[in-house]
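Structure file my_file.txt; described as compact mmCIF, C-alpha atoms.
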# COMPACT_ATOMS: atom_id res chain seq x y z
CA MET A 1 101.25 12.68 109.84
CA SER A 2 98.22 13.84 107.91
CA GLY A 3 94.90 14.60 109.53
CA ASP A 4 93.47 11.34 108.14
CA ASP A 5 96.36 9.34 109.65
CA THR A 6 95.91 11.04 113.02
CA ALA A 7 92.18 10.28 112.98
CA SER A 8 92.90 6.64 112.15
CA VAL A 9 95.31 6.31 115.08
CA GLU A 10 92.76 7.90 117.41
CA ARG A 11 90.05 5.44 116.20
CA HIS A 12 92.38 2.50 116.92
CA ARG A 13 93.22 3.88 120.37
CA ALA A 14 89.53 4.21 121.18
CA MET A 15 88.91 0.52 120.38
CA GLY A 16 91.33 -0.68 123.08
CA PRO A 17 90.30 -1.26 126.69
CA SER A 18 90.49 1.82 128.88
CA ALA A 19 90.79 0.23 132.34
CA LEU A 20 93.40 -2.48 132.70
CA GLY A 21 94.68 -4.66 135.51
CA ALA A 22 98.36 -4.03 136.20
CA ALA A 23 101.21 -5.74 137.99
CA VAL A 24 104.06 -3.54 139.21
CA ILE A 25 107.30 -5.36 139.96
CA THR A 26 110.27 -3.50 141.42
CA VAL A 27 113.63 -5.17 140.88
CA SER A 28 115.98 -4.26 143.73
CA ASP A 29 118.19 -5.80 146.39
CA THR A 30 117.73 -2.78 148.65
CA ARG A 31 114.21 -1.36 148.28
CA THR A 32 111.32 -2.04 150.62
CA ARG A 33 107.68 -1.07 150.10
CA GLU A 34 108.38 2.04 152.19
CA THR A 35 111.46 3.11 150.18
CA ASP A 36 110.23 2.06 146.72
CA SER A 37 109.42 5.52 145.40
CA GLY A 38 109.72 4.39 141.77
CA GLY A 39 107.18 1.60 142.18
CA ALA A 40 104.93 4.01 144.07
CA LEU A 41 105.10 6.47 141.18
CA VAL A 42 104.15 3.76 138.67
CA VAL A 43 101.16 2.82 140.83
CA GLU A 44 100.15 6.48 141.16
CA LEU A 45 100.34 7.16 137.41
CA LEU A 46 98.52 3.95 136.45
CA GLU A 47 95.72 4.60 138.93
CA ALA A 48 95.40 8.23 137.83
CA ALA A 49 94.90 6.95 134.28
CA GLY A 50 92.04 4.69 135.44
CA HIS A 51 93.89 1.38 135.69
CA ARG A 52 93.82 -0.88 138.74
CA ILE A 53 96.79 -2.42 140.52
CA VAL A 54 96.28 -6.15 140.82
CA LEU A 55 99.75 -7.01 142.09
CA ARG A 56 102.73 -5.12 143.46
CA GLU A 57 105.93 -6.74 144.62
CA ILE A 58 109.65 -6.29 145.06
CA VAL A 59 112.05 -8.97 143.82
CA ALA A 60 115.82 -9.32 144.06
CA ASP A 61 118.20 -8.50 141.21
CA ASP A 62 118.23 -12.15 140.20
CA ALA A 63 117.20 -13.36 136.73
CA GLY A 64 115.36 -16.41 138.09
CA ALA A 65 113.43 -14.40 140.67
CA ILE A 66 112.53 -11.76 138.08
CA ARG A 67 111.37 -14.36 135.57
CA ARG A 68 109.25 -16.18 138.16
CA ALA A 69 107.61 -12.91 139.24
CA VAL A 70 106.74 -11.97 135.66
CA GLU A 71 105.42 -15.46 134.90
CA ALA A 72 103.24 -15.37 138.03
CA ALA A 73 101.88 -11.95 137.07
CA LEU A 74 101.13 -13.14 133.54
CA GLU A 75 99.27 -16.17 134.92
CA ALA A 76 96.93 -13.93 136.90
CA GLY A 77 93.76 -13.72 134.84
CA ASP A 78 93.13 -10.08 135.63
CA VAL A 79 96.58 -8.71 134.64
CA GLN A 80 96.88 -7.15 131.19
CA VAL A 81 100.05 -5.12 131.79
CA VAL A 82 103.23 -5.88 133.73
CA ILE A 83 105.59 -3.02 134.49
CA LEU A 84 108.99 -3.73 135.98
CA THR A 85 111.19 -1.02 137.43
CA GLY A 86 114.92 -1.38 137.92
CA GLY A 87 117.72 -3.57 136.70
CA THR A 88 117.80 -2.25 133.12
CA GLY A 89 121.22 -0.60 133.20
CA VAL A 90 124.59 -2.03 132.22
CA ALA A 91 125.97 -2.97 135.64
CA PRO A 92 126.61 -6.69 136.22
CA ARG A 93 123.58 -6.95 138.60
CA ASP A 94 121.26 -5.37 136.00
CA VAL A 95 119.67 -8.55 134.60
CA THR A 96 116.05 -7.53 134.07
CA PRO A 97 116.28 -7.50 130.23
CA GLU A 98 117.88 -10.95 130.21
CA ALA A 99 115.13 -12.27 132.48
CA VAL A 100 112.23 -10.69 130.59
CA ALA A 101 113.19 -10.88 126.90
CA PRO A 102 112.89 -14.70 126.60
CA LEU A 103 109.31 -14.49 127.89
CA LEU A 104 108.19 -12.07 125.18
CA GLU A 105 106.39 -13.47 122.16
CA ARG A 106 106.73 -10.19 120.28
CA GLU A 107 109.14 -7.44 121.20
CA ILE A 108 108.22 -3.78 120.66
CA PRO A 109 111.61 -2.39 119.57
CA GLY A 110 110.18 1.08 118.97
CA PHE A 111 109.48 1.45 122.68
CA GLY A 112 113.12 1.17 123.73
CA GLU A 113 114.27 3.34 120.85
CA LEU A 114 111.76 6.11 121.60
CA PHE A 115 112.39 5.90 125.34
CA ARG A 116 116.13 6.38 124.86
CA MET A 117 115.49 9.26 122.44
CA LEU A 118 113.24 11.03 124.96
CA SER A 119 115.71 10.29 127.75
CA TYR A 120 118.52 11.76 125.66
CA GLU A 121 116.56 15.00 125.47
CA GLU A 122 116.38 15.02 129.27
CA ILE A 123 119.72 13.58 130.47
CA GLY A 124 122.02 13.54 127.45
CA PRO A 125 124.27 10.68 126.41
CA ALA A 126 123.73 8.72 129.65
CA ALA A 127 120.44 7.66 128.03
CA MET A 128 122.37 5.03 126.07
CA LEU A 129 122.98 3.13 129.33
CA SER A 130 119.30 2.15 129.50
CA ARG A 131 118.23 -1.23 128.20
CA ALA A 132 114.51 -0.55 128.70
CA LEU A 133 112.31 -2.81 126.63
CA GLY A 134 108.72 -3.67 125.93
CA GLY A 135 106.85 -6.52 124.35
CA LEU A 136 103.77 -8.69 124.24
CA VAL A 137 102.92 -12.07 125.71
CA GLY A 138 99.63 -12.92 124.09
CA ASN A 139 97.52 -9.82 124.55
CA ARG A 140 99.38 -8.77 127.69
CA VAL A 141 102.00 -6.05 127.59
CA VAL A 142 105.28 -6.17 129.52
CA PHE A 143 107.61 -3.21 130.03
CA ALA A 144 111.00 -3.27 131.76
CA LEU A 145 111.95 0.26 132.82
CA PRO A 146 114.75 1.94 134.75
CA GLY A 147 114.18 2.55 138.43
CA SER A 148 114.61 6.33 138.48
CA ARG A 149 111.48 8.39 139.01
CA GLY A 150 112.35 10.72 136.14
CA ALA A 151 112.77 7.83 133.70
CA LEU A 152 109.55 6.21 134.93
CA ARG A 153 107.58 9.43 134.52
CA THR A 154 108.94 9.89 130.98
CA ALA A 155 108.18 6.30 129.98
CA LEU A 156 104.68 6.23 131.43
CA GLU A 157 103.44 9.71 130.60
CA ARG A 158 104.96 10.10 127.15
CA LEU A 159 104.87 6.55 125.77
CA ILE A 160 103.08 3.85 127.75
CA LEU A 161 99.89 5.43 129.08
CA PRO A 162 98.85 7.06 125.77
CA GLU A 163 99.10 3.69 123.96
CA LEU A 164 98.43 1.08 126.64
CA GLY A 165 94.83 0.22 125.77
CA HIS A 166 95.68 0.29 122.07
CA LEU A 167 98.59 -2.13 122.62
CA VAL A 168 96.46 -4.58 124.60
CA GLY A 169 93.67 -4.34 122.01
CA GLU A 170 96.05 -4.95 119.12
CA GLY A 171 97.74 -7.82 120.95
CA GLY A 172 94.40 -9.54 121.41
CA LYS A 173 93.28 -9.41 117.79
CA GLY A 174 92.54 -12.84 116.43
CA ARG A 175 92.80 -14.51 119.86
CA SER A 176 89.93 -16.25 121.54
Kindly present the structure from the file in structure tokens form.
Amino acid sequence: MSGDDTASVERHRAMGPSALGAAVITVSDTRTRETDSGGALVVELLEAAGHRIVLREIVADDAGAIRRAVEAALEAGDVQVVILTGGTGVAPRDVTPEAVAPLLEREIPGFGELFRMLSYEEIGPAAMLSRALGGLVGNRVVFALPGSRGALRTALERLILPELGHLVGEGGKGRS
């Protein structure tokens, strides 16, 4: 990327909101608030970046329960980003992508592609087992991520947090 292109990207990033309201939803049949270290890490990283946690919950590995939790988070007026952890693998109980994808108005295919590329650098071919995804519902951003702390740190630090305000800003263009 040329210097002009980099400057343009930085200008666009600066136009997005810097402090967002977030919902963190952990998808698990076994986790509790005390044992949900992945959800805790998401909260920690979001707060360290200046965002506020509006909602945090744990839902079962059930497509209906996941969908209802995301819909409720999206209905909250102060939530601009929803991050789900867990249920993105290929096991039969991993239904987060099936629950979330129909809710998205616009998918962000580059997110999943880049996440798997970065994961490949860290864990090798097992990265292909992730069905992480991201997309927009209006000007709100939804990400479905694996439950492992390493994967969450990679996704948030290297992809989501640097672009989050920019994504929300772009998603809201032309909306009243």
I want to know what sits within 12 Å of Glu107 (chain A), based on only C-alpha atoms, with residues of the same chain fewer than 2 positions away left out; could you give that as a PyMOL selection string? chain A and resi 97+100-105+109-113+132-138+140-144+167+171
From the options A:Pro92, A:Gly87, A:Gly169, A:Gly150, which residue's atoms come nearest to Ser119 (chain A), counting only C-alpha atoms? A:Gly150
Distance criterion (all atoms listed in the file): nearest to Val24 (chain A) out of A:Ala63, A:Ile83, A:Leu74, A:Ala49: A:Ile83
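For the pair CA of Leu161 (chain A) and CA of Ile108 (chain A), the interatomic distance is 15.0 Å.
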Spatial neighbours of Thr26 (chain A), max dist 12 Å, all atoms listed in the file, sep filter under 3 positions, as JSON, numbers by chain: {"A": [23, 29, 30, 31, 32, 33, 35, 36, 37, 38, 39, 40, 41, 42, 43, 55, 56, 57, 58, 59, 60, 61, 62, 65, 66, 69, 70, 82, 83, 84, 85, 86, 87, 88, 96, 143, 144, 145, 146, 147, 148, 152]}
Atomic distance CA of Ile123 (chain A) - CA of Ala91 (chain A), expressed in Å with one decimal: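 Interatomic distance, CA of Ile123 (chain A) to CA of Ala91 (chain A): 18.4 Å.
When all atoms listed in the file are used to compute distances to Arg149 (chain A), the closest of the residues A:Gln80, A:Ile25, A:Leu45, A:His51 turns out to be A:Leu45.
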With distances taken over all atoms listed in the file, which of A:Ala48, A:Ala99, A:Val90, A:Val79 is nearest to Arg67 (chain A)? A:Ala99
Between CA of Arg116 (chain A) and CA of Ser130 (chain A) lies a distance of 7.0 Å
Using all atoms listed in the file, which protein or nucleic acid residues come within 8 Å of Leu159 (chain A)? Drop anything in the same chain fewer than 4 positions from it, and give the result as a list in words. Phe111, Phe115, Thr154, Ala155 and Glu163 of chain A
Among listed residues A:Gly172, A:Gly77, A:Pro125, A:Gly165, nearest Leu20 (chain A) (using only C-alpha atoms):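 Closest candidate: A:Gly165.
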When distances are computed from all atoms listed in the file, which of A:Gly89, A:Met128, A:Val54, A:Val81 shows the smallest separation from Val168 (chain A)? A:Val81
